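Trainee: To be precise about what I am sending: the file is called entry_16.tsv and holds TSV, C-alpha atoms.
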```tsv
chain	number	residue	atom	x	y	z
A	215	MET	CA	-10.71	-3.68	18.77
A	216	ILE	CA	-9.68	-7.31	18.46
A	217	VAL	CA	-6.59	-9.20	19.59
A	218	LEU	CA	-4.77	-11.53	17.19
A	219	LYS	CA	-4.99	-14.55	19.47
A	220	ASP	CA	-8.79	-14.16	19.48
A	221	VAL	CA	-8.78	-13.93	15.67
A	222	LEU	CA	-6.80	-17.15	15.51
A	223	ALA	CA	-9.26	-18.93	17.81
A	224	LEU	CA	-12.45	-17.51	16.27
A	225	LEU	CA	-11.44	-18.46	12.73
A	226	ASN	CA	-9.81	-21.82	13.58
A	227	GLY	CA	-6.81	-20.19	12.00
A	228	GLU	CA	-3.27	-21.31	11.42
A	229	LEU	CA	-0.45	-18.90	12.16
A	230	LEU	CA	1.80	-18.96	9.11
A	231	THR	CA	4.48	-16.89	10.81
A	232	PRO	CA	5.33	-18.82	13.98
A	233	GLY	CA	6.68	-16.63	16.72
A	234	SER	CA	4.64	-13.58	15.72
A	235	PRO	CA	3.26	-11.81	18.79
A	236	LEU	CA	-0.40	-12.71	19.28
A	237	GLU	CA	-1.19	-10.03	21.83
A	238	VAL	CA	-1.26	-7.40	19.09
A	239	GLU	CA	-4.43	-5.31	19.30
A	240	CYS	CA	-6.05	-4.25	16.04
A	241	PRO	CA	-8.32	-1.24	16.52
A	242	LYS	CA	-9.96	-1.72	13.11
A	243	VAL	CA	-10.76	-4.56	10.73
A	244	PHE	CA	-10.73	-4.18	6.96
A	245	ALA	CA	-11.81	-6.80	4.41
A	246	SER	CA	-10.93	-6.57	0.73
A	247	ASP	CA	-9.32	-8.42	-2.15
A	248	LEU	CA	-8.45	-5.11	-3.75
A	249	MET	CA	-5.12	-3.70	-2.64
A	250	SER	CA	-6.11	-0.35	-4.12
A	251	ASP	CA	-8.87	-0.20	-1.51
A	252	VAL	CA	-6.43	-1.08	1.27
A	253	LEU	CA	-4.17	1.78	0.19
A	254	THR	CA	-7.11	4.15	-0.05
A	255	SER	CA	-9.26	3.30	2.93
A	256	ALA	CA	-7.68	0.97	5.51
A	257	GLU	CA	-6.57	2.71	8.66
A	258	PRO	CA	-3.12	2.17	10.19
A	259	GLY	CA	-3.02	-0.73	12.61
A	260	SER	CA	-5.95	-2.52	10.94
A	261	LEU	CA	-6.37	-6.27	10.62
A	262	LEU	CA	-6.81	-7.16	6.94
A	263	LEU	CA	-8.94	-10.08	5.74
A	264	THR	CA	-8.35	-10.97	2.10
A	265	GLY	CA	-8.67	-13.73	-0.45
A	266	LEU	CA	-5.64	-12.48	-2.33
A	267	ALA	CA	-2.44	-14.34	-1.44
A	268	ASN	CA	0.42	-12.85	-3.43
A	269	ALA	CA	3.52	-10.79	-2.56
A	270	HIS	CA	1.66	-7.55	-3.29
A	271	VAL	CA	-0.46	-8.13	-0.19
A	272	VAL	CA	2.61	-8.07	2.05
A	273	CYS	CA	4.05	-5.03	0.33
A	274	THR	CA	0.72	-3.19	0.49
A	275	CYS	CA	0.33	-4.03	4.19
A	276	SER	CA	3.83	-2.80	4.92
A	277	VAL	CA	3.23	0.49	3.11
A	278	ALA	CA	-0.21	1.00	4.68
A	279	ASP	CA	0.87	0.01	8.24
A	280	ILE	CA	-1.52	-2.96	8.41
A	281	ALA	CA	-1.00	-4.91	11.66
A	282	ALA	CA	-1.76	-8.45	10.44
A	283	VAL	CA	-3.35	-10.40	7.59
A	284	VAL	CA	-5.91	-13.21	7.51
A	285	PHE	CA	-6.09	-15.20	4.27
A	286	VAL	CA	-9.64	-16.55	3.97
A	287	GLN	CA	-11.25	-19.41	2.04
A	288	GLY	CA	-8.21	-21.69	2.33
A	289	LYS	CA	-5.92	-19.35	0.40
A	290	ARG	CA	-2.26	-19.74	1.27
A	291	PRO	CA	0.64	-17.58	0.14
A	292	ASP	CA	3.77	-19.36	-1.06
A	293	SER	CA	6.85	-19.65	1.15
A	294	GLY	CA	8.51	-16.61	-0.46
A	295	VAL	CA	5.59	-14.42	0.55
A	296	VAL	CA	5.67	-15.82	4.09
A	297	ASP	CA	9.41	-15.09	4.32
A	298	GLN	CA	8.78	-11.56	3.11
A	299	ALA	CA	6.09	-11.06	5.75
A	300	ARG	CA	8.40	-12.41	8.45
A	301	SER	CA	11.10	-9.94	7.44
A	302	LYS	CA	8.59	-7.13	7.80
A	303	ASN	CA	7.22	-8.45	11.12
A	304	LEU	CA	3.79	-8.92	9.59
A	305	PRO	CA	1.81	-11.77	11.18
A	306	LEU	CA	-0.04	-13.97	8.66
A	307	ILE	CA	-2.99	-16.20	9.52
A	308	ALA	CA	-4.73	-18.67	7.20
A	309	THR	CA	-8.31	-19.88	7.66
A	310	LYS	CA	-10.53	-22.17	5.63
A	311	MET	CA	-13.54	-20.02	6.40
A	312	PRO	CA	-15.10	-18.00	3.60
A	313	MET	CA	-14.79	-14.24	3.80
A	314	PHE	CA	-18.36	-13.65	4.97
A	315	GLU	CA	-18.20	-16.16	7.80
A	316	ALA	CA	-14.81	-14.91	8.95
A	317	CYS	CA	-16.04	-11.31	8.98
A	318	SER	CA	-19.27	-12.32	10.72
A	319	ARG	CA	-17.42	-14.10	13.52
A	320	ILE	CA	-15.09	-11.17	14.06
A	321	ALA	CA	-17.98	-8.71	13.98
A	322	ALA	CA	-19.91	-10.77	16.53
A	323	HIS	CA	-16.84	-10.82	18.77
A	324	VAL	CA	-16.34	-7.10	18.51
A	325	LYS	CA	-20.07	-6.85	19.33
A	326	ASP	CA	-20.82	-3.19	18.98
A	327	GLY	CA	-19.42	-3.22	15.42
A	328	ALA	CA	-18.38	0.38	15.76
A	329	HIS	CA	-14.74	-0.60	15.94
A	330	GLY	CA	-14.63	-2.34	12.60
A	331	ARG	CA	-15.13	-1.16	9.06
B	119	MET	CA	16.96	25.49	3.14
B	120	ALA	CA	20.62	24.71	2.75
B	121	ALA	CA	21.47	22.13	0.13
B	122	GLU	CA	23.22	19.94	2.69
B	123	ASP	CA	19.95	19.56	4.61
B	124	VAL	CA	18.37	17.68	1.73
B	125	TYR	CA	18.66	13.92	1.34
B	126	ARG	CA	18.28	12.80	-2.26
B	127	GLN	CA	18.05	9.43	-3.95
B	128	GLU	CA	16.91	8.17	-7.34
B	129	PHE	CA	15.25	4.82	-7.95
B	130	PRO	CA	14.75	3.27	-11.38
B	131	VAL	CA	11.47	1.45	-12.10
B	132	LYS	CA	11.03	-0.97	-15.00
B	133	GLY	CA	7.68	-1.15	-16.75
B	134	GLY	CA	6.01	-4.55	-16.52
B	135	ASP	CA	8.25	-5.74	-13.68
B	136	PHE	CA	5.41	-6.91	-11.43
B	137	ALA	CA	7.73	-9.19	-9.45
B	138	LYS	CA	9.50	-6.15	-7.99
B	139	ALA	CA	6.39	-4.04	-7.55
B	140	GLY	CA	6.52	-2.11	-4.30
B	141	ALA	CA	10.27	-2.45	-3.85
B	142	VAL	CA	10.87	1.27	-4.33
B	143	ALA	CA	8.02	2.29	-2.01
B	144	CYS	CA	9.27	-0.08	0.71
B	145	ARG	CA	12.80	1.29	0.31
B	146	ILE	CA	11.50	4.86	0.58
B	147	LYS	CA	9.55	3.94	3.70
B	148	ASP	CA	12.66	2.44	5.33
B	149	LEU	CA	14.73	5.52	4.40
B	150	LEU	CA	12.16	7.91	5.86
B	151	LYS	CA	12.05	5.83	9.03
B	152	ASP	CA	15.84	6.00	9.27
B	153	LEU	CA	15.67	9.76	8.77
B	154	GLY	CA	13.35	9.96	11.78
B	155	LEU	CA	10.22	11.38	10.14
B	156	ASP	CA	6.86	11.05	11.90
B	157	THR	CA	4.74	7.97	11.15
B	158	LYS	CA	1.90	9.90	9.43
B	159	THR	CA	4.28	11.57	6.98
B	160	ILE	CA	6.04	8.27	6.31
B	161	ARG	CA	2.73	6.50	5.63
B	162	ARG	CA	1.49	9.21	3.26
B	163	ALA	CA	4.80	9.24	1.38
B	164	ALA	CA	4.94	5.44	1.20
B	165	ILE	CA	1.36	5.16	-0.11
B	166	ALA	CA	1.85	7.92	-2.69
B	167	SER	CA	5.12	6.43	-3.91
B	168	TYR	CA	3.63	2.92	-4.05
B	169	GLU	CA	0.71	4.09	-6.16
B	170	ALA	CA	3.08	6.02	-8.45
B	171	GLU	CA	5.47	3.06	-8.71
B	172	MET	CA	2.58	0.74	-9.62
B	173	ASN	CA	1.46	3.14	-12.33
B	174	VAL	CA	4.92	3.03	-13.93
B	175	ILE	CA	5.00	-0.78	-13.72
B	176	MET	CA	1.47	-1.18	-15.07
B	177	TYR	CA	1.45	1.42	-17.82
B	178	ALA	CA	4.91	2.74	-18.73
B	179	TRP	CA	8.06	1.29	-20.26
B	180	GLU	CA	10.41	2.66	-17.66
B	181	GLY	CA	10.59	5.41	-15.10
B	182	ARG	CA	12.53	7.07	-12.32
B	183	VAL	CA	11.42	7.97	-8.82
B	184	ASN	CA	13.36	10.87	-7.33
B	185	LEU	CA	13.14	11.31	-3.58
B	186	ALA	CA	14.23	14.52	-1.84
B	187	VAL	CA	13.80	14.87	1.90
B	188	SER	CA	14.30	18.05	3.87
B	189	PRO	CA	13.27	18.79	7.45
B	190	ARG	CA	10.19	20.53	6.06
B	191	GLU	CA	8.98	18.22	3.31
B	192	VAL	CA	9.25	14.99	1.37
B	193	SER	CA	9.31	15.49	-2.38
B	194	ILE	CA	8.70	12.57	-4.73
B	195	THR	CA	9.02	13.18	-8.46
B	196	VAL	CA	8.18	10.38	-10.86
B	197	ASP	CA	9.09	10.60	-14.54
B	198	ASP	CA	8.21	7.83	-16.93
B	199	GLN	CA	8.62	7.07	-20.58
B	200	GLY	CA	5.43	5.52	-21.81
B	201	PRO	CA	2.17	6.07	-23.60
B	202	GLY	CA	1.26	9.06	-21.46
B	203	ILE	CA	-2.25	10.02	-20.40
B	204	ALA	CA	-4.49	11.43	-23.12
B	205	ASP	CA	-7.11	12.86	-20.74
B	206	ILE	CA	-5.68	13.74	-17.33
B	207	GLU	CA	-9.01	14.94	-15.95
B	208	LEU	CA	-10.58	11.57	-16.79
B	209	ALA	CA	-7.60	9.70	-15.32
B	210	MET	CA	-8.02	11.64	-12.07
B	211	THR	CA	-11.63	10.44	-11.76
B	212	GLU	CA	-12.05	7.83	-9.02
B	213	GLY	CA	-12.87	4.48	-10.59
B	214	TYR	CA	-11.67	5.30	-14.10
B	215	SER	CA	-9.13	2.70	-15.18
B	216	THR	CA	-7.54	1.24	-18.27
B	217	ALA	CA	-6.05	-1.68	-16.32
B	218	THR	CA	-5.85	-5.16	-17.83
B	219	PRO	CA	-7.39	-8.24	-16.16
B	220	GLU	CA	-3.84	-9.31	-15.18
B	221	MET	CA	-3.36	-6.10	-13.21
B	222	ARG	CA	-6.74	-6.50	-11.54
B	223	GLU	CA	-5.92	-10.07	-10.51
B	224	LEU	CA	-2.98	-8.66	-8.58
B	225	GLY	CA	-5.36	-6.43	-6.65
B	226	PHE	CA	-4.64	-3.22	-8.54
B	227	GLY	CA	-6.07	-1.19	-11.38
B	228	ALA	CA	-9.22	-0.02	-9.63
B	229	GLY	CA	-8.84	3.51	-10.89
B	230	MET	CA	-7.91	4.84	-7.45
B	231	GLY	CA	-4.16	5.36	-7.88
B	232	LEU	CA	-3.91	8.97	-9.05
B	233	PRO	CA	-6.76	10.21	-6.80
B	234	ASN	CA	-5.11	8.45	-3.85
B	235	ILE	CA	-1.75	10.08	-4.60
B	236	LYS	CA	-3.48	13.46	-4.63
B	237	LYS	CA	-5.26	12.62	-1.36
B	238	ASN	CA	-1.98	11.85	0.38
B	239	ALA	CA	-0.09	14.86	-1.02
B	240	ASP	CA	-0.02	18.48	0.10
B	241	ILE	CA	1.05	19.51	-3.40
B	242	PHE	CA	0.37	17.39	-6.47
B	243	HIS	CA	1.10	18.17	-10.10
B	244	ILE	CA	0.66	15.88	-13.07
B	245	ASP	CA	1.87	16.54	-16.57
B	246	SER	CA	1.65	14.11	-19.45
B	247	GLU	CA	2.27	13.99	-23.15
B	248	SER	CA	0.64	11.31	-25.29
B	249	GLY	CA	3.21	8.92	-26.69
B	250	ARG	CA	6.06	10.27	-24.53
B	251	GLY	CA	5.34	9.89	-20.85
B	252	THR	CA	4.08	11.29	-17.58
B	253	ARG	CA	5.58	13.36	-14.77
B	254	LEU	CA	4.20	13.44	-11.24
B	255	GLU	CA	5.34	15.92	-8.62
B	256	ILE	CA	4.31	15.02	-5.11
B	257	VAL	CA	5.13	17.04	-2.01
B	258	ILE	CA	4.24	15.99	1.53
B	259	ARG	CA	4.92	18.44	4.32
B	260	THR	CA	6.42	16.97	7.44
B	261	ASN	CA	4.18	18.88	9.86
B	262	GLY	CA	1.46	16.32	9.22
B	263	HIS	CA	-1.16	18.92	8.27
B	264	LYS	CA	-2.63	19.38	4.84
B	265	THR	CA	-2.93	22.99	3.74
```
So that I can check it, write out the structure of this file as structure tokens.
Mentor:
Amino acid sequence: MIVLKDVLALLNGELLTPGSPLEVECPKVFASDLMSDVLTSAEPGSLLLTGLANAHVVCTCSVADIAAVVFVQGKRPDSGVVDQARSKNLPLIATKMPMFEACSRIAAHVKDGAHGR
Amino acid sequence: MAAEDVYRQEFPVKGGDFAKAGAVACRIKDLLKDLGLDTKTIRRAAIASYEAEMNVIMYAWEGRVNLAVSPREVSITVDDQGPGIADIELAMTEGYSTATPEMRELGFGAGMGLPNIKKNADIFHIDSESGRGTRLEIVIRTNGHKT
């Protein structure tokens, strides 16, 4: 389990949806650029890390009950995507860290690793 | 089941309209929430309808998603006019895909759509005719248990 405010700090992240609650607890973490995999394998309430930054990410997260999204490697969705996320109460975080480093930091924080996938 | 207990709505889907991809699935999710269904049923129905909607957008010329909700089940029927599926058994194989690079760049076309619809459905039927189109019948029972 990891809390969004810890994700923000660990990844030197920027919250793209100001006002989103940061006390949200994500029981699982899922990393993929493939939305098909998110729809197939991500569990409800997961934190998603992805390098894909289009409107389909927000729609996929809404359908799959993803709790929040981290865009890695400096990827940033355009303002329309951010507005869409805000309307669906989906917190968005951007980080310059590459996917591997972002996942590694989160995994180290979670420690036992059993809570992520 | 009395006819008045069933909520019905039809949604058109236009082939190639990637900008609106997911709009129908999100609408269905909101409707099912408003109807007070449990979260697991809503999620399964939303995922199945999203995958089906994406298939129409990616492969067909146009289609219709018909939603019918009763206290016992959510039924989603998708009819499209398009090239159809020549080999349904092959199309149901995880990882088999005829997606274009454009579709893959959007994060789709991994060959998981039809298998994932089946996974989320209690009843799933697919019928297709080459050169005419494809029909999907998806039923999700509201008790949250697969049979």
Trainee: From the list B:Thr216, B:Asn238, B:Gln199, B:Gln127, which residue is nearest Ile256 in chain B when using all atoms listed in the file?
Mentor: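 With all atoms listed in the file as the atom set, the closest residue is B:Asn238.
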Trainee: Could you name the residues that touch Thr309 in chain A at 9 Å or less, counting only C-alpha atoms, but leaving out those on the same chain fewer than 4 positions away, as a ChimeraX atom specification?
Mentor: /A:222,225-228,284-290,316
Trainee: Take the selection from the previous step and output its residues with C-alpha atoms, as a PDB file, in the coordinates of the input.
Mentor:
```pdb
ATOM      1  CA  LEU A 222      -6.800 -17.150  15.510  1.00  0.00           C
ATOM      2  CA  LEU A 225     -11.440 -18.460  12.730  1.00  0.00           C
ATOM      3  CA  ASN A 226      -9.810 -21.820  13.580  1.00  0.00           C
ATOM      4  CA  GLY A 227      -6.810 -20.190  12.000  1.00  0.00           C
ATOM      5  CA  GLU A 228      -3.270 -21.310  11.420  1.00  0.00           C
ATOM      6  CA  VAL A 284      -5.910 -13.210   7.510  1.00  0.00           C
ATOM      7  CA  PHE A 285      -6.090 -15.200   4.270  1.00  0.00           C
ATOM      8  CA  VAL A 286      -9.640 -16.550   3.970  1.00  0.00           C
ATOM      9  CA  GLN A 287     -11.250 -19.410   2.040  1.00  0.00           C
ATOM     10  CA  GLY A 288      -8.210 -21.690   2.330  1.00  0.00           C
ATOM     11  CA  LYS A 289      -5.920 -19.350   0.400  1.00  0.00           C
ATOM     12  CA  ARG A 290      -2.260 -19.740   1.270  1.00  0.00           C
ATOM     13  CA  ALA A 316     -14.810 -14.910   8.950  1.00  0.00           C
TER      14      ALA A 316
END
```
Trainee: Could you list the residues in chain A lying within 8 Å of chain B, using only C-alpha atoms, and format the result as a PyMOL selection string?
Mentor: chain A and resi 247-251+253-254+266+268+270+273-274+276-279
Trainee: Using only C-alpha atoms, can you tell me which of B:His243, B:Ala186, B:Glu207, B:Gly251 comes closest to Leu153 in chain B?
Mentor: B:Ala186
Trainee: For range 319-323 of chain A, find every residue with an atom within 12 Å (counting only C-alpha atoms), except residues of its own chain fewer than 6 positions away, and show them as a ChimeraX atom specification.
Mentor: /A:215-226,240,242-245,261-263,284,311-313,329-331
Trainee: Within 9 Å of Ser193 in chain B, counting only C-alpha atoms, which residues show up once you throw out same-chain ones fewer than 4 positions away? Write them as a PDB file with C-alpha atoms, in the frame of the given file, please.
Mentor:
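Saved as around_28.pdb:
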```
ATOM      1  CA  ALA B 163       4.800   9.240   1.380  1.00  0.00           C
ATOM      2  CA  ASN B 184      13.360  10.870  -7.330  1.00  0.00           C
ATOM      3  CA  LEU B 185      13.140  11.310  -3.580  1.00  0.00           C
ATOM      4  CA  ALA B 186      14.230  14.520  -1.840  1.00  0.00           C
ATOM      5  CA  VAL B 187      13.800  14.870   1.900  1.00  0.00           C
ATOM      6  CA  SER B 188      14.300  18.050   3.870  1.00  0.00           C
ATOM      7  CA  GLU B 255       5.340  15.920  -8.620  1.00  0.00           C
ATOM      8  CA  ILE B 256       4.310  15.020  -5.110  1.00  0.00           C
ATOM      9  CA  VAL B 257       5.130  17.040  -2.010  1.00  0.00           C
ATOM     10  CA  ILE B 258       4.240  15.990   1.530  1.00  0.00           C
ATOM     11  CA  ARG B 259       4.920  18.440   4.320  1.00  0.00           C
TER      12      ARG B 259
END
```
Trainee: Taking only C-alpha atoms into account, which of B:Gly213, B:Gly181, B:Pro219, B:Pro189 comes nearest Tyr125 in chain B?
Mentor: B:Pro189
Trainee: At what distance in Å, to one decimal, does CA of Val271 in chain A lie from CA of Val295 in chain A?
Mentor: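 Straight-line distance from CA of Val295 in chain A to CA of Val271 in chain A works out to 8.8 Å.
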Trainee: Quick check, in Å to one decimal: how far apart do CA of Val324 in chain A and CA of Thr264 in chain A lie?
Mentor: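 So the answer is 18.7 Å.
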Trainee: Work out how far apart CA of Phe314 in chain A and CA of Glu212 in chain B are and give it in Å to one decimal.
Mentor: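 Interatomic distance, CA of Phe314 in chain A to CA of Glu212 in chain B: 26.4 Å.
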Trainee: Which is closer to Asp205 in chain B than all the others in B:Thr159, B:Ser248, B:Thr260, B:Asn173, using only C-alpha atoms?
Mentor: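 Closest candidate: B:Ser248.
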Trainee: Taking only C-alpha atoms into account, name the residue in B:Thr211, B:Val131, B:Gly202, B:Thr195 that is nearest to Phe242 in chain B.
Mentor: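 Between B:Thr211, B:Val131, B:Gly202, B:Thr195, the residue approaching Phe242 in chain B most closely is B:Thr195.
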